[in-house]
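Visitor: Handing you this structure, nothing more for now.
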Amino acid sequence: MSLQEILDQTQNLYLTKKLHMRNEEDCPKTERFLFSDTYLSEKGIKLSQDAIIKRFTNRNKNEFYQKYISWKRNENEIIVFTMYTYADLKLNKEFDCIFNYDNPDEFVFEKFTITQSIYEGWIPTDTVDDGHKHLLVFSFENGIPKILFKLHKEETLGDTRPKTYTKLGFCNQKDFEIIANNLKKRYLLKEKYGLEYWKYVDDET
């Protein structure tokens with residue numbers, strides 16, 4: 001499959017997804033967080049921008065495309081690759097908690113805003129879509145917290161993560177306690193029952 005065919009397929013999925021929205025309020029509080037394992041270096045950002053310019057050569061270019069390809073990172077900004085989103089969110093969504101996904105006792109409270117979203121790393125848009133991966137630009141009020149730099153630093157268009165790496169979660173303080181407690185319970189069940197831990201979640205609630 002060519003790059004153009006992949007882009008066509010991605011855009012079709014994106015348009016279809018718009019018809020089936022999932023509101024944040026519909027999600028259990030235990031699931032109301034984004035998570036990431038990677039952020040882009042300056043080199044990675046430039047490679048991403050150049051690739052998107054190339055892929056959109058013969059396509060309509062909206063304001064979100066123009067903003068991303070001309071974006072120069074400020075000191076209070078970072079772009080991270082987030083995994084499957086828990087709900088459909090809009091740009092300017094605010095969070096104020098960052099935690100270590102594998103060790104929720106490590107966390108910081110710091111307010112930040114999602115200012116740009118790149119659907120599946122390919123399509124600049126005004127949304128963060130349920131069940132999909134994205135490149136997201138976070139803008140912080142008081143500088144980037146050090147915990148963010150525990151993420152893998154990606155300098156290519158590929159995946160160069162090591163065998164072990166840090167994953168971070170992003171949520172709001174009001175939901176953090178229930179999220180953290182749920183993750184801790186899950187880890188205890190995994191230790192006790194292995195890969196079939198999920199069968200015992202309700203039994204040991």
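The way I read the labels, and the way they are meant: chains A, B, ... in the order of the structure tokens, residue 1 as the first residue of every chain, and ligand 1 as the first ligand shown, with later ones counted on from there.
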Can you check which parts of range 152-180 of chain A lie within 6 Å of range 98-110 of chain A? Per residue, the shortest pair of atoms and distance in Å to one decimal, counting only C-alpha atoms, sorted by chain and number, as a Markdown table.

Guide:
```
| residue | atom | partner | partner_atom | distance |
| --- | --- | --- | --- | --- |
| A:Lys167 | CA | A:Tyr101 | CA | 5.4 |
| A:Leu168 | CA | A:Asn100 | CA | 4.7 |
| A:Gly169 | CA | A:Phe99 | CA | 5.2 |
| A:Phe170 | CA | A:Ile98 | CA | 4.8 |
| A:Ala180 | CA | A:Pro104 | CA | 5.5 |
```

Visitor: Which residues come within 6 Å of range 62-70 of chain A, counting only C-alpha atoms, excluding same-chain residues fewer than 6 positions away, as a list in words?

Guide: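 Using only C-alpha atoms, the neighbours found are Gln49, Pro124 and Thr125 of chain A.
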
Visitor: Could you give me the residues within chain A that DSSP places in strand (DSSP E), as number ranges by chain?

Guide: A: 34-40, 77-82, 89-90, 94-100, 103-119, 123-125, 127-128, 134-140, 152-154, 168-171

Visitor: Write out the residues from the selection above, keeping C-alpha atoms, as a tab-separated table (two decimals), in the first residue's frame.

Guide:
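The result, stored in selection08.tsv:
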```
chain	number	residue	atom	x	y	z
A	34	LEU	CA	-4.52	10.09	28.13
A	35	PHE	CA	-1.23	8.21	28.13
A	36	SER	CA	2.01	8.52	26.25
A	37	ASP	CA	5.45	6.94	25.98
A	38	THR	CA	7.17	9.32	23.53
A	39	TYR	CA	7.84	12.96	22.81
A	40	LEU	CA	9.39	14.45	19.67
A	77	GLU	CA	5.52	23.50	24.81
A	78	ILE	CA	6.11	19.82	24.14
A	79	ILE	CA	4.66	17.46	21.54
A	80	VAL	CA	3.88	13.93	22.69
A	81	PHE	CA	2.58	10.82	20.98
A	82	THR	CA	-0.52	9.64	22.84
A	89	LEU	CA	-12.01	15.86	23.07
A	90	LYS	CA	-11.61	19.32	21.56
A	94	GLU	CA	-7.13	21.43	29.94
A	95	PHE	CA	-5.53	18.92	32.29
A	96	ASP	CA	-3.66	19.51	35.53
A	97	CYS	CA	-2.13	16.18	36.54
A	98	ILE	CA	0.72	14.07	35.10
A	99	PHE	CA	1.53	10.67	36.58
A	100	ASN	CA	3.76	7.67	36.01
A	103	ASN	CA	3.83	3.89	39.41
A	104	PRO	CA	0.96	6.33	40.04
A	105	ASP	CA	2.53	7.42	43.33
A	106	GLU	CA	4.89	9.48	41.16
A	107	PHE	CA	2.89	12.45	39.93
A	108	VAL	CA	2.86	16.23	39.58
A	109	PHE	CA	0.03	18.74	39.50
A	110	GLU	CA	0.65	21.25	36.74
A	111	LYS	CA	-1.90	22.92	34.49
A	112	PHE	CA	-1.55	22.55	30.72
A	113	THR	CA	-3.63	22.82	27.55
A	114	ILE	CA	-3.87	20.79	24.34
A	115	THR	CA	-3.24	23.36	21.61
A	116	GLN	CA	-2.72	21.14	18.55
A	117	SER	CA	-3.76	17.64	17.51
A	118	ILE	CA	-2.40	15.48	14.70
A	119	TYR	CA	-4.76	12.54	14.12
A	123	ILE	CA	-3.86	14.83	9.88
A	124	PRO	CA	-3.85	18.15	11.79
A	125	THR	CA	-7.33	18.67	13.23
A	127	THR	CA	-10.18	17.22	17.87
A	128	VAL	CA	-8.64	14.36	19.82
A	134	HIS	CA	-2.36	11.39	18.11
A	135	LEU	CA	0.53	13.76	18.22
A	136	LEU	CA	-0.54	16.40	20.74
A	137	VAL	CA	1.04	19.74	21.54
A	138	PHE	CA	0.83	20.58	25.25
A	139	SER	CA	1.29	24.15	26.42
A	140	PHE	CA	2.21	24.67	30.10
A	152	HIS	CA	11.33	8.36	25.21
A	153	LYS	CA	12.77	11.13	23.02
A	154	GLU	CA	11.99	10.32	19.38
A	168	LEU	CA	2.92	8.82	31.56
A	169	GLY	CA	-0.76	9.51	32.12
A	170	PHE	CA	-2.49	12.87	31.78
A	171	CYS	CA	-5.71	13.63	33.65
```

Visitor: Out of range 30-155 of chain A, which residues get helix (DSSP H, G or I) from DSSP, as a PyMOL selection string?

Guide: chain A and resi 30-31+42-55+63-69+146-150

Visitor: Taking C-alpha atoms for each residue, export the selection above as a PDB file, in the first residue's frame.

Guide:
```pdb
ATOM      1  CA  THR A  30     -11.209   5.363  36.013  1.00  0.00           C
ATOM      2  CA  GLU A  31     -10.614   5.750  32.254  1.00  0.00           C
ATOM      3  CA  GLU A  42      13.269  19.318  17.489  1.00  0.00           C
ATOM      4  CA  LYS A  43      14.561  17.025  14.747  1.00  0.00           C
ATOM      5  CA  GLY A  44      11.527  14.787  15.115  1.00  0.00           C
ATOM      6  CA  ILE A  45       9.193  17.773  14.851  1.00  0.00           C
ATOM      7  CA  LYS A  46      10.833  18.943  11.627  1.00  0.00           C
ATOM      8  CA  LEU A  47      10.635  15.448  10.114  1.00  0.00           C
ATOM      9  CA  SER A  48       6.956  15.231  11.068  1.00  0.00           C
ATOM     10  CA  GLN A  49       6.160  18.616   9.553  1.00  0.00           C
ATOM     11  CA  ASP A  50       8.024  17.820   6.330  1.00  0.00           C
ATOM     12  CA  ALA A  51       6.248  14.466   5.988  1.00  0.00           C
ATOM     13  CA  ILE A  52       2.828  16.074   6.428  1.00  0.00           C
ATOM     14  CA  ILE A  53       3.653  18.780   3.873  1.00  0.00           C
ATOM     15  CA  LYS A  54       4.594  16.065   1.387  1.00  0.00           C
ATOM     16  CA  ARG A  55       1.479  14.006   2.036  1.00  0.00           C
ATOM     17  CA  GLU A  63      -6.071  26.227   9.333  1.00  0.00           C
ATOM     18  CA  PHE A  64      -4.919  23.349  11.543  1.00  0.00           C
ATOM     19  CA  TYR A  65      -2.581  22.113   8.829  1.00  0.00           C
ATOM     20  CA  GLN A  66      -1.177  25.615   8.352  1.00  0.00           C
ATOM     21  CA  LYS A  67      -0.680  26.081  12.071  1.00  0.00           C
ATOM     22  CA  TYR A  68       1.203  22.819  12.524  1.00  0.00           C
ATOM     23  CA  ILE A  69       3.545  23.031   9.544  1.00  0.00           C
ATOM     24  CA  LYS A 146      10.746  17.433  34.487  1.00  0.00           C
ATOM     25  CA  ILE A 147       8.635  14.280  34.597  1.00  0.00           C
ATOM     26  CA  LEU A 148       7.806  14.785  30.885  1.00  0.00           C
ATOM     27  CA  PHE A 149      11.438  14.208  29.951  1.00  0.00           C
ATOM     28  CA  LYS A 150      11.239  10.669  31.314  1.00  0.00           C
TER      29      LYS A 150
END
```

Visitor: Would you compute the distance between CA of Arg73 in chain A and CA of Lys93 in chain A? Give it in Å to one decimal.

Guide: 18.8 Å

Visitor: By how many Å are CA of Asp88 in chain A and CA of Glu120 in chain A apart?

Guide: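 Calculated distance between CA of Asp88 in chain A and CA of Glu120 in chain A is 14.0 Å.
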